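Here's the structure, in structure tokens; my notes come after.
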Amino acid sequence: MMRFALIAGEASGDLLGAALVRALRVRFPQAEFYGVTGPRMREAGCASVETIDRLSVMGLAEVLPKLPDILRLRRALYRRFSADRPECVIGIDAPDFNLALERRLRRQGLPTVHMVSPSVWAWKPGRVKNIARAVDLVLCLLPFEPRYYADYPVRAEYIGHPLADELADPPSRESARRLLGLAEGPCVAVLPGSRGPELKYLAQPFAQTAAWLAQRMPELSFVVPLAKPALRPVFEQAIAAYAPQLRWTLVDGHSREAMRAADVVLLASGTATLECLLLDRPMVVGYRAAALTALLVRMLIKIDRVSLPNLLCQEAVVPECLQEQADAAHLGPPMLELLTQPAARALQTGQFAAVRQELRRGAADSAAAAIARLLGR
């Protein structure tokens, strides 16, 4: 019996893992899948050894209190996979956790794959050496990534992005609004992140930005899709403190429908920005992290843009407000421009079409084929 071990670290990895499980099952119908999962992976038939909640932590300052538990989990997975000897171990994103585990398992003779290249194009190039020691194959979701591995002894294949395939036929704005029960009129989707620490830093400035906008456009309504019910109280507290009088609709999940239903989207930097691009919605990106995390990033990072749409468009198409600039004074004006000026919306979203075409490559099938080649199957 073939077995594939998968380790996802957060909600975006859960989406990618689910698509990969379905594609691998087509090639290997009798195979079993298990590992660290989210709900999408479990729906796809991947048994759960542990859930992504134990790994869904961001930033150095936030990781430190949970580090002993994270290290215990990594040791437990190493023992489990070393004993089980799955056909292949597939780490999905979460490089800080997965690469060290993959390196140890590879030394045990297990084929290792890392899906989603770490941001080697943003950080010091020496990181590629560590990746090459850890894995046999890197599955790259962005077209410019494989060239960074060309000088190292590791396979790196561009597969396109599974989300581009999944969102090839998005819901209409009208059907999304009906599903969410939204009234007619201008609407802003507010996505403050899928992890608790993100909401800790972004709930307040995003609620304040909503209040800033509503002062200038009283007819605005706001829809907030929350990744999990446990995050709802955090944003409700921000609403109560800074914008209680606005028209809010809070929903569990349905982030894509919320983005599609909205006229403009205010969101945290991350995979959601790519989903927003694929859904052809105009956006403004904000992000904050702990001061220590931000300081380390500024010391190490070598790019001047952080959101995926700007990286893929190779220019600053989407406004980005980071750290101390992620406040109503900086987020509000570009949001208002996009809400009130059709030409500004068209100028931004007009850059997205070519990116969608490039990313739509049948990524999950391409990934399954690359893994099959690695295994000689």
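Letters A, B, ... mark the chains of the structure tokens in the order given; residue numbers begin at 1 per chain; ligand numbers begin at 1, in order shown.
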
Q.
Env of Val223 of chain A: 7 Å cut, atoms = only C-alpha atoms, seq-sep filter 3 positions within chain, self excluded. Answer as an MDAnalysis selection string.
A. chainID A and resid 188:190 248:250 258

I'd like the neighbourhood of Tyr34 of chain A as an mmCIF file with N, CA and C atoms, in the first residue's frame, where a residue qualifies if any of its atoms comes within 9 Å (using only C-alpha atoms), though same-chain residues fewer than 2 positions away should be ignored.
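Listing of around16.cif after writing:
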```cif
data_model
loop_
_atom_site.group_PDB
_atom_site.id
_atom_site.type_symbol
_atom_site.label_atom_id
_atom_site.label_comp_id
_atom_site.auth_asym_id
_atom_site.auth_seq_id
_atom_site.Cartn_x
_atom_site.Cartn_y
_atom_site.Cartn_z
ATOM 1 N N ARG A 3 1.731 5.076 0.655
ATOM 2 C CA ARG A 3 1.298 6.095 1.596
ATOM 3 C C ARG A 3 2.081 7.370 1.340
ATOM 4 N N PHE A 4 1.372 8.473 1.396
ATOM 5 C CA PHE A 4 1.989 9.788 1.254
ATOM 6 C C PHE A 4 1.762 10.554 2.543
ATOM 7 N N ALA A 5 2.837 11.104 3.103
ATOM 8 C CA ALA A 5 2.751 11.933 4.295
ATOM 9 C C ALA A 5 2.819 13.399 3.879
ATOM 10 N N LEU A 6 1.888 14.201 4.369
ATOM 11 C CA LEU A 6 1.830 15.616 4.032
ATOM 12 C C LEU A 6 1.799 16.441 5.309
ATOM 13 N N ILE A 7 2.461 17.597 5.292
ATOM 14 C CA ILE A 7 2.475 18.491 6.447
ATOM 15 C C ILE A 7 2.140 19.901 5.971
ATOM 16 N N GLU A 32 -2.827 5.848 0.378
ATOM 17 C CA GLU A 32 -3.338 6.469 1.599
ATOM 18 C C GLU A 32 -2.584 7.773 1.840
ATOM 19 N N VAL A 36 -0.294 16.292 8.814
ATOM 20 C CA VAL A 36 -0.778 17.478 9.512
ATOM 21 C C VAL A 36 -1.716 18.199 8.548
ATOM 22 N N THR A 37 -2.975 18.291 8.909
ATOM 23 C CA THR A 37 -4.018 18.680 7.965
ATOM 24 C C THR A 37 -4.878 19.821 8.490
ATOM 25 N N ARG A 42 -8.690 17.186 4.965
ATOM 26 C CA ARG A 42 -9.480 16.070 5.500
ATOM 27 C C ARG A 42 -10.659 15.753 4.591
ATOM 28 N N GLY A 45 -9.683 13.556 1.843
ATOM 29 C CA GLY A 45 -9.353 12.177 2.183
ATOM 30 C C GLY A 45 -7.995 11.987 2.812
ATOM 31 N N CYS A 46 -7.427 13.055 3.386
ATOM 32 C CA CYS A 46 -6.135 12.942 4.057
ATOM 33 C C CYS A 46 -6.380 12.804 5.562
ATOM 34 N N ALA A 47 -5.998 11.666 6.122
ATOM 35 C CA ALA A 47 -6.208 11.420 7.548
ATOM 36 C C ALA A 47 -5.330 12.343 8.379
ATOM 37 N N SER A 48 -5.835 12.738 9.535
ATOM 38 C CA SER A 48 -5.155 13.738 10.346
ATOM 39 C C SER A 48 -4.370 13.092 11.483
ATOM 40 N N VAL A 49 -3.053 13.267 11.460
ATOM 41 C CA VAL A 49 -2.202 12.933 12.603
ATOM 42 C C VAL A 49 -2.231 14.088 13.603
#
```

Please identify the strand (DSSP E) residues within segment 96-154 of chain A (assignment by DSSP from backbone atoms) and present them as a PyMOL selection string.
chain A and resi 112-115+137-140

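Distances to Glu166 of chain A were evaluated for A:Ala230, A:Ala353, A:Leu278, A:Cys321 using only C-alpha atoms, and the minimum falls at A:Leu278.
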
May I have the residues within 6 Å of segment 109-114 of chain A as a ChimeraX atom specification, using only C-alpha atoms and disregarding those fewer than 4 positions away in the same chain?
/A:88-92,105,135-138

How would the residues just chosen look if you wrote them out with N, CA and C atoms as a PDB file, in the first residue's frame?
```
ATOM      1  N   CYS A  88       6.606   8.958   0.169  1.00  0.00           N
ATOM      2  CA  CYS A  88       7.132  10.297  -0.030  1.00  0.00           C
ATOM      3  C   CYS A  88       6.621  11.182   1.104  1.00  0.00           C
ATOM      4  N   VAL A  89       7.439  12.132   1.533  1.00  0.00           N
ATOM      5  CA  VAL A  89       7.030  13.124   2.526  1.00  0.00           C
ATOM      6  C   VAL A  89       6.955  14.476   1.826  1.00  0.00           C
ATOM      7  N   ILE A  90       5.801  15.120   1.937  1.00  0.00           N
ATOM      8  CA  ILE A  90       5.553  16.369   1.218  1.00  0.00           C
ATOM      9  C   ILE A  90       5.266  17.470   2.229  1.00  0.00           C
ATOM     10  N   GLY A  91       6.206  18.394   2.368  1.00  0.00           N
ATOM     11  CA  GLY A  91       5.970  19.566   3.192  1.00  0.00           C
ATOM     12  C   GLY A  91       5.320  20.650   2.352  1.00  0.00           C
ATOM     13  N   ILE A  92       4.246  21.242   2.870  1.00  0.00           N
ATOM     14  CA  ILE A  92       3.505  22.260   2.123  1.00  0.00           C
ATOM     15  C   ILE A  92       3.715  23.597   2.815  1.00  0.00           C
ATOM     16  N   LEU A 105      14.461  13.542   7.574  1.00  0.00           N
ATOM     17  CA  LEU A 105      13.825  12.383   6.943  1.00  0.00           C
ATOM     18  C   LEU A 105      14.560  11.975   5.662  1.00  0.00           C
ATOM     19  N   VAL A 135      15.598  18.656   0.552  1.00  0.00           N
ATOM     20  CA  VAL A 135      14.565  18.057  -0.295  1.00  0.00           C
ATOM     21  C   VAL A 135      15.132  17.577  -1.625  1.00  0.00           C
ATOM     22  N   ASP A 136      14.399  16.642  -2.208  1.00  0.00           N
ATOM     23  CA  ASP A 136      14.730  16.159  -3.545  1.00  0.00           C
ATOM     24  C   ASP A 136      14.059  16.979  -4.636  1.00  0.00           C
ATOM     25  N   LEU A 137      12.930  17.599  -4.299  1.00  0.00           N
ATOM     26  CA  LEU A 137      12.139  18.312  -5.301  1.00  0.00           C
ATOM     27  C   LEU A 137      11.449  19.510  -4.658  1.00  0.00           C
ATOM     28  N   VAL A 138      11.555  20.669  -5.310  1.00  0.00           N
ATOM     29  CA  VAL A 138      10.811  21.859  -4.912  1.00  0.00           C
ATOM     30  C   VAL A 138       9.758  22.135  -5.976  1.00  0.00           C
TER      31      VAL A 138
END
```

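Excluding Glu157 of chain A and any residue on its chain fewer than 2 positions from it, the residues at most 8 Å away by only C-alpha atoms are A:Leu137, A:Val138, A:Leu139, A:Cys140, A:Pro146, A:Arg155, A:Ile159, A:Ala370.
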
With 6 Å as the cut-off and only C-alpha atoms counted, what is the closest atom pair between each nearby residue of segment 220-268 of chain A and segment 181-187 of chain A? Distances in Å to one decimal, ordered by chain and number, as JSON lines.
```
{"residue": "A:Leu220", "atom": "CA", "partner": "A:Pro186", "partner_atom": "CA", "distance": 5.3}
{"residue": "A:Ser221", "atom": "CA", "partner": "A:Cys187", "partner_atom": "CA", "distance": 4.8}
{"residue": "A:Phe222", "atom": "CA", "partner": "A:Cys187", "partner_atom": "CA", "distance": 5.6}
{"residue": "A:Ala262", "atom": "CA", "partner": "A:Cys187", "partner_atom": "CA", "distance": 5.0}
{"residue": "A:Asp263", "atom": "CA", "partner": "A:Cys187", "partner_atom": "CA", "distance": 5.5}
```

So that I have them on file, write out the residues from the current selection with C-alpha atoms, as a CSV table (one decimal), in the first residue's frame.
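So part_4.csv came out as:
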```csv
chain,number,residue,atom,x,y,z
A,220,LEU,CA,-20.8,51.8,2.6
A,221,SER,CA,-21.3,48.4,4.0
A,222,PHE,CA,-18.6,46.0,5.2
A,262,ALA,CA,-17.1,43.5,-2.7
A,263,ASP,CA,-16.3,46.6,-4.8
```

message = When you look at Ala328 of chain A with a cut-off of 8 Å (counting only C-alpha atoms), what residues show up, excluding the ones that are within fewer than 2 positions of it in the same chain? I need them as a list in words.
response = Pro205, Phe206, Gln208, Thr209, Ala210, Trp212, Ala326, His330, Leu331 and Gly332 of chain A

Requested in this report: Using only C-alpha atoms, determine which residues lie at most 10 Å from Met2 of chain A, disregarding the query and same-chain residues fewer than 5 positions distant; provide the list as a ChimeraX atom specification.
Outcome: /A:28-33,85-88

Students should find that atom CA of Asp252 of chain A and atom CA of Leu226 of chain A are spaced 5.0 Å

Non-local contacts of Ala268 of chain A (6 Å; only C-alpha atoms; under 4 positions in same chain excluded) as a PyMOL selection string
chain A and resi 192-193+285-287

Store the residues of this selection in a file with N, CA and C atoms, as a compact mmCIF listing (two decimals), in the first residue's frame.
```
# COMPACT_ATOMS: atom_id res chain seq x y z
N PRO A 192 -8.72 40.55 7.65
CA PRO A 192 -7.59 40.89 8.53
C PRO A 192 -6.63 39.74 8.80
N GLY A 193 -6.68 38.67 7.99
CA GLY A 193 -5.75 37.56 8.17
C GLY A 193 -6.44 36.32 8.71
N VAL A 285 -3.49 46.62 0.45
CA VAL A 285 -2.87 45.66 1.37
C VAL A 285 -2.30 46.39 2.58
N GLY A 286 -2.59 45.85 3.75
CA GLY A 286 -1.98 46.34 4.98
C GLY A 286 -1.38 45.19 5.77
N TYR A 287 -0.34 45.47 6.52
CA TYR A 287 0.24 44.41 7.34
C TYR A 287 1.03 45.00 8.50
```

As a check of understanding: the span from atom CA of Pro244 of chain A to atom CA of Leu231 of chain A is 17.7 Å

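Shortest atom-to-atom contact with Phe81 of chain A among A:Ile239, A:Ser117, A:Pro162, A:Glu102: A:Glu102, counting only C-alpha atoms.
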